[in-house]
Amino acid sequence: MEYVTLNNGVKMPLNGFGVFQIPDLQQAEESVLTAIKAGYHLIDTAAIYMNESAVGHAIKKSDVPREELFVTSKLWVSDTGYEATKTAFGKTLELMQLDYLDLYLIHQPYGDIYGSWRALEELYKEGKIRAIGVSNFHTDRLVDLILHNVITPQVNQIEVNPFLQQEEALKVHQEYNVAVQAWAPFAEGKNGLFTNEVLIEIGKKYNKSVAQVVLRWLIQRGISALSKSVHEERIAQNYDIWDFELSENDIKTIATLDTNKSSFFSHRDPVMVKALGSMKAER
């Protein structure tokens with residue numbers, strides 16, 4: 001297992017397990033238990049995923065001590081604002097049956113994010129969160145937040161995959177010492193990622209799958225990656241990335257796949273802003 005040291009000194013595992021799109025609570029719990037057994041110590045959920053309680057149950061059942069796990073959840077748009085954030089965070093801890101979180105993120109750059117950030121800063125100072133950050137913040141929004149608040153986010157969770165490599169964004173994050181964590185590292189299979197000949201050929205050199213190549217590529221760039229599966233074999237395979245290293249030529253070859261376009265949607269699209277803003281995290 002490898003770690004990235006955040007700007008407050010906290011160590012975060014580079015390879016994490018996410019539970020997005022696993023609404024079935026039993027399946028989510030079983031998947032997290034399988035992931036922990038496979039070696040994962042970073043578990044990522046969110047209020048809007050509707051499975052925080054399942055993650056909490058898995059953590060309770062796990063043989064791994066709580067202090068050895070790195071648990072993340074995220075604040076949804078409907079709960080932004082100072083008071084609402086405090087309430088939502090309390091609900092998250094209650095559902096997960098935890099005394100603290102290792103990382104808590106503002107999930108989207110919408111709503112009263114400044115009120116929310118003040119609340120996160122207080123919760124952080126109280127020791128209820130070990131690290132605080134944001135998700136889906138473009139670099140302009142990230143820098144604006146940094147310049148007008150006391151604590152710089154430790155993490156920004158954004159889309160990074162071979163088709164959207166975020167080279168320019170990474171430079172800004174490095175300037176302000178904000179760790180990047182990749183959601184959808186496999187682009188959810190879009191654009192034929194799993195059948196991409198470039199990635200397949202690189203994988204053959206190391207006897208590794210396309211997924212393993214992508215995760216290794218991210219980690220060698222210093223990017224924490226969140227993968228998801230409900231299949232035991234794939235969960236184990238996605239963690240098995242520590243026994244090989246991509247060459248400099250491999251990295252350059254993968255760079256040719258960059259389209260600089262999201263495989264999903266733009267967070268600056270007014271239609272999407274409206275759609276996401278109207279969603280509620282009913283827990």
# chains A, B, ... in the order shown; residues from 1 in each chain; ligands from 1
call {"tool": "closest_atom_pairs", "arguments": {"of": "range 196-250 of chain A", "to": "range 184-187 of chain A", "cutoff": "12 Å", "atoms": "only C-alpha atoms", "output": "CSV"}}
result
residue,atom,partner,partner_atom,distance
A:Asn196,CA,A:Phe186,CA,11.3
A:Leu199,CA,A:Phe186,CA,11.4
A:Ser209,CA,A:Phe186,CA,11.8
A:Val210,CA,A:Phe186,CA,8.9
A:Ala211,CA,A:Phe186,CA,6.8
A:Gln212,CA,A:Phe186,CA,9.9
A:Val213,CA,A:Phe186,CA,10.3
A:Val214,CA,A:Pro185,CA,7.1
A:Leu215,CA,A:Pro185,CA,7.2
A:Arg216,CA,A:Pro185,CA,10.6
A:Trp217,CA,A:Pro185,CA,10.0
A:Leu218,CA,A:Pro185,CA,8.1
A:Ile219,CA,A:Pro185,CA,10.9
A:Ile223,CA,A:Pro185,CA,10.3
A:Ser224,CA,A:Pro185,CA,9.9
A:Ala225,CA,A:Pro185,CA,6.6
A:Leu226,CA,A:Pro185,CA,6.9
A:Ser227,CA,A:Pro185,CA,6.8
A:Lys228,CA,A:Ala184,CA,8.6
A:Ser229,CA,A:Phe186,CA,11.3
A:Asn238,CA,A:Phe186,CA,11.1
call {"tool": "closest_atom_pairs", "arguments": {"of": "range 74-174 of chain A", "to": "range 13-32 of chain A", "cutoff": "12 Å", "atoms": "only C-alpha atoms", "output": "Markdown table"}}
result
| residue | atom | partner | partner_atom | distance |
| --- | --- | --- | --- | --- |
| A:Lys74 | CA | A:Phe20 | CA | 11.5 |
| A:Met96 | CA | A:Glu29 | CA | 11.4 |
| A:Asp102 | CA | A:Pro13 | CA | 11.2 |
| A:Leu103 | CA | A:Pro13 | CA | 11.7 |
| A:Gln157 | CA | A:Gly18 | CA | 12.0 |
call {"tool": "write_last_selection", "arguments": {"atoms": "C-alpha atoms", "output": "short mmCIF file (atom, residue, chain, number, x, y, z; two decimals), in the first residue's frame"}}
result
data_model
loop_
_atom_site.label_atom_id
_atom_site.label_comp_id
_atom_site.auth_asym_id
_atom_site.auth_seq_id
_atom_site.Cartn_x
_atom_site.Cartn_y
_atom_site.Cartn_z
CA LYS A 74 -19.42 13.93 1.08
CA MET A 96 -22.10 5.28 9.79
CA ASP A 102 -10.95 10.83 7.90
CA LEU A 103 -12.10 13.02 5.01
CA GLN A 157 -11.96 14.76 -6.01
#
call {"tool": "atom_distance", "arguments": {"atom1": "CA of Val180 in chain A", "atom2": "CA of Leu164 in chain A"}}
result
13.5 Å
call {"tool": "closest_atom_pairs", "arguments": {"of": "range 102-186 of chain A", "to": "range 81-89 of chain A", "cutoff": "6 Å", "atoms": "only C-alpha atoms", "output": "tab-separated table"}}
result
residue	atom	partner	partner_atom	distance
A:Asp112	CA	A:Gly81	CA	4.8
A:Gly115	CA	A:Tyr82	CA	4.3
A:Ser116	CA	A:Gly81	CA	4.7
A:Ala119	CA	A:Tyr82	CA	5.3
call {"tool": "residues_around", "arguments": {"residues": "Asn136 in chain A", "least_positions_apart": "6", "cutoff": "10 Å", "atoms": "only C-alpha atoms", "output": "compact mmCIF listing (two decimals) with N, CA and C atoms, in the first residue's frame"}}
result
# COMPACT_ATOMS: atom_id res chain seq x y z
N LEU A 105 -15.93 15.92 2.24
CA LEU A 105 -15.83 16.78 1.06
C LEU A 105 -17.15 17.49 0.77
N ILE A 106 -17.06 18.71 0.27
CA ILE A 106 -18.21 19.36 -0.35
C ILE A 106 -18.34 18.75 -1.74
N HIS A 107 -19.45 18.06 -1.99
CA HIS A 107 -19.57 17.18 -3.16
C HIS A 107 -19.62 17.93 -4.49
N GLN A 108 -20.26 19.09 -4.49
CA GLN A 108 -20.41 19.85 -5.74
C GLN A 108 -20.17 21.33 -5.45
N PRO A 109 -19.71 22.11 -6.44
CA PRO A 109 -19.39 23.52 -6.22
C PRO A 109 -20.60 24.44 -6.32
N TYR A 110 -21.72 24.00 -5.76
CA TYR A 110 -22.97 24.76 -5.86
C TYR A 110 -23.56 25.00 -4.48
N LEU A 142 -11.72 26.40 -7.09
CA LEU A 142 -10.83 25.93 -6.03
C LEU A 142 -9.95 27.07 -5.52
N ASN A 156 -9.11 17.50 -3.62
CA ASN A 156 -10.17 17.79 -4.59
C ASN A 156 -10.40 16.52 -5.38
N GLN A 157 -11.60 16.00 -5.32
CA GLN A 157 -11.96 14.76 -6.01
C GLN A 157 -12.58 15.13 -7.36
N ILE A 158 -11.90 14.77 -8.45
CA ILE A 158 -12.35 15.16 -9.79
C ILE A 158 -12.26 13.98 -10.75
N GLU A 159 -12.89 14.14 -11.90
CA GLU A 159 -12.81 13.10 -12.93
C GLU A 159 -11.42 13.10 -13.55
N TRP A 183 -12.17 10.27 -9.46
CA TRP A 183 -13.37 9.44 -9.55
C TRP A 183 -13.52 9.00 -11.01
N SER A 266 -20.35 18.34 -18.27
CA SER A 266 -19.61 19.48 -17.74
C SER A 266 -20.29 20.00 -16.48
N HIS A 267 -19.51 20.22 -15.44
CA HIS A 267 -20.06 20.79 -14.21
C HIS A 267 -20.31 22.29 -14.35
call {"tool": "select_by_dssp", "arguments": {"residues": "range 19-249 of chain A", "states": "alpha helix (DSSP H)", "output": "PyMOL selection string"}}
result
chain A and resi 25-38+52-61+82-96+113-125+139-147+167-175+197-206+210-220+232-239+248-249
call {"tool": "residues_around", "arguments": {"residues": "Glu167 in chain A", "least_positions_apart": "6", "cutoff": "10 Å", "atoms": "only C-alpha atoms", "output": "mmCIF file with N, CA and C atoms, in the first residue's frame"}}
result
data_model
loop_
_atom_site.group_PDB
_atom_site.id
_atom_site.type_symbol
_atom_site.label_atom_id
_atom_site.label_comp_id
_atom_site.auth_asym_id
_atom_site.auth_seq_id
_atom_site.Cartn_x
_atom_site.Cartn_y
_atom_site.Cartn_z
ATOM 1 N N VAL A 160 -10.749 11.962 -13.458
ATOM 2 C CA VAL A 160 -9.458 11.771 -14.136
ATOM 3 C C VAL A 160 -9.431 10.356 -14.684
ATOM 4 N N ALA A 255 -0.542 9.075 -22.631
ATOM 5 C CA ALA A 255 -0.824 10.502 -22.800
ATOM 6 C C ALA A 255 -1.474 10.796 -24.147
ATOM 7 N N ASP A 258 -5.463 11.211 -24.411
ATOM 8 C CA ASP A 258 -6.175 12.347 -23.807
ATOM 9 C C ASP A 258 -6.986 13.116 -24.843
ATOM 10 N N ASN A 260 -9.129 15.515 -23.493
ATOM 11 C CA ASN A 260 -9.421 16.709 -22.703
ATOM 12 C C ASN A 260 -10.923 16.980 -22.613
#
call {"tool": "select_by_dssp", "arguments": {"residues": "range 80-143 of chain A", "states": "strand (DSSP E)", "output": "ChimeraX atom specification"}}
result
/A:103-106,132-135
call {"tool": "write_last_selection", "arguments": {"atoms": "N, CA and C atoms", "output": "mmCIF file, in the first residue's frame"}}
result
data_model
loop_
_atom_site.group_PDB
_atom_site.id
_atom_site.type_symbol
_atom_site.label_atom_id
_atom_site.label_comp_id
_atom_site.auth_asym_id
_atom_site.auth_seq_id
_atom_site.Cartn_x
_atom_site.Cartn_y
_atom_site.Cartn_z
ATOM 1 N N LEU A 103 -12.005 11.991 6.043
ATOM 2 C CA LEU A 103 -12.101 13.023 5.010
ATOM 3 C C LEU A 103 -13.560 13.324 4.744
ATOM 4 N N TYR A 104 -13.896 14.613 4.701
ATOM 5 C CA TYR A 104 -15.256 15.043 4.390
ATOM 6 C C TYR A 104 -15.157 16.104 3.304
ATOM 7 N N LEU A 105 -15.930 15.921 2.236
ATOM 8 C CA LEU A 105 -15.834 16.781 1.064
ATOM 9 C C LEU A 105 -17.147 17.490 0.770
ATOM 10 N N ILE A 106 -17.056 18.709 0.272
ATOM 11 C CA ILE A 106 -18.214 19.364 -0.348
ATOM 12 C C ILE A 106 -18.343 18.750 -1.737
ATOM 13 N N ILE A 132 -10.257 17.868 5.301
ATOM 14 C CA ILE A 132 -11.438 18.404 4.624
ATOM 15 C C ILE A 132 -11.079 18.781 3.197
ATOM 16 N N GLY A 133 -12.082 18.733 2.327
ATOM 17 C CA GLY A 133 -11.798 19.038 0.933
ATOM 18 C C GLY A 133 -13.057 19.258 0.135
ATOM 19 N N VAL A 134 -12.889 19.186 -1.169
ATOM 20 C CA VAL A 134 -13.984 19.452 -2.097
ATOM 21 C C VAL A 134 -13.992 18.396 -3.190
ATOM 22 N N SER A 135 -15.025 18.442 -4.010
ATOM 23 C CA SER A 135 -15.165 17.506 -5.122
ATOM 24 C C SER A 135 -15.778 18.231 -6.301
#
call {"tool": "closest_residue", "arguments": {"among": "A:Pro162, A:Gly9, A:Gly127, A:Gly222", "to": "Gln174 in chain A", "atoms": "only C-alpha atoms"}}
result
A:Gly222
call {"tool": "closest_residue", "arguments": {"among": "A:Gly39, A:Gly189, A:Gly203, A:Gly90", "to": "Ser263 in chain A", "atoms": "only C-alpha atoms"}}
result
A:Gly189
call {"tool": "closest_residue", "arguments": {"among": "A:His231, A:Ala131, A:Leu193, A:Asp250", "to": "Lys205 in chain A", "atoms": "only C-alpha atoms"}}
result
A:Asp250
call {"tool": "atom_distance", "arguments": {"atom1": "CA of Pro65 in chain A", "atom2": "CA of Leu101 in chain A"}}
result
14.0 Å
call {"tool": "closest_atom_pairs", "arguments": {"of": "range 83-181 of chain A", "to": "range 44-57 of chain A", "cutoff": "7 Å", "atoms": "only C-alpha atoms", "output": "CSV"}}
result
residue,atom,partner,partner_atom,distance
A:Thr92,CA,A:Glu52,CA,7.0
A:Leu95,CA,A:Ser53,CA,4.7
A:Met96,CA,A:Gly56,CA,3.9
A:Gln97,CA,A:Gly56,CA,5.9
call {"tool": "atom_distance", "arguments": {"atom1": "CA of Asn8 in chain A", "atom2": "CA of Pro153 in chain A"}}
result
9.5 Å
call {"tool": "closest_residue", "arguments": {"among": "A:Leu257, A:Val4, A:Ala38, A:Val178", "to": "Asp240 in chain A", "atoms": "only C-alpha atoms"}}
result
A:Ala38
call {"tool": "residues_around", "arguments": {"residues": "Thr253 in chain A", "least_positions_apart": "6", "cutoff": "10 Å", "atoms": "only C-alpha atoms", "output": "MDAnalysis selection string"}}
result
chainID A and resid 198:199 202 247
call {"tool": "write_last_selection", "arguments": {"atoms": "N, CA and C atoms", "output": "short mmCIF file (atom, residue, chain, number, x, y, z; two decimals), in the first residue's frame"}}
result
data_model
loop_
_atom_site.label_atom_id
_atom_site.label_comp_id
_atom_site.auth_asym_id
_atom_site.auth_seq_id
_atom_site.Cartn_x
_atom_site.Cartn_y
_atom_site.Cartn_z
N VAL A 198 -4.35 0.30 -27.03
CA VAL A 198 -3.15 0.86 -26.40
C VAL A 198 -3.01 0.34 -24.98
N LEU A 199 -4.11 0.38 -24.21
CA LEU A 199 -4.07 -0.06 -22.82
C LEU A 199 -3.92 -1.58 -22.72
N ILE A 202 -0.23 -2.48 -23.38
CA ILE A 202 0.60 -2.16 -22.21
C ILE A 202 0.37 -3.21 -21.12
N SER A 247 6.57 2.00 -17.44
CA SER A 247 7.77 2.70 -17.89
C SER A 247 7.43 4.12 -18.31
#
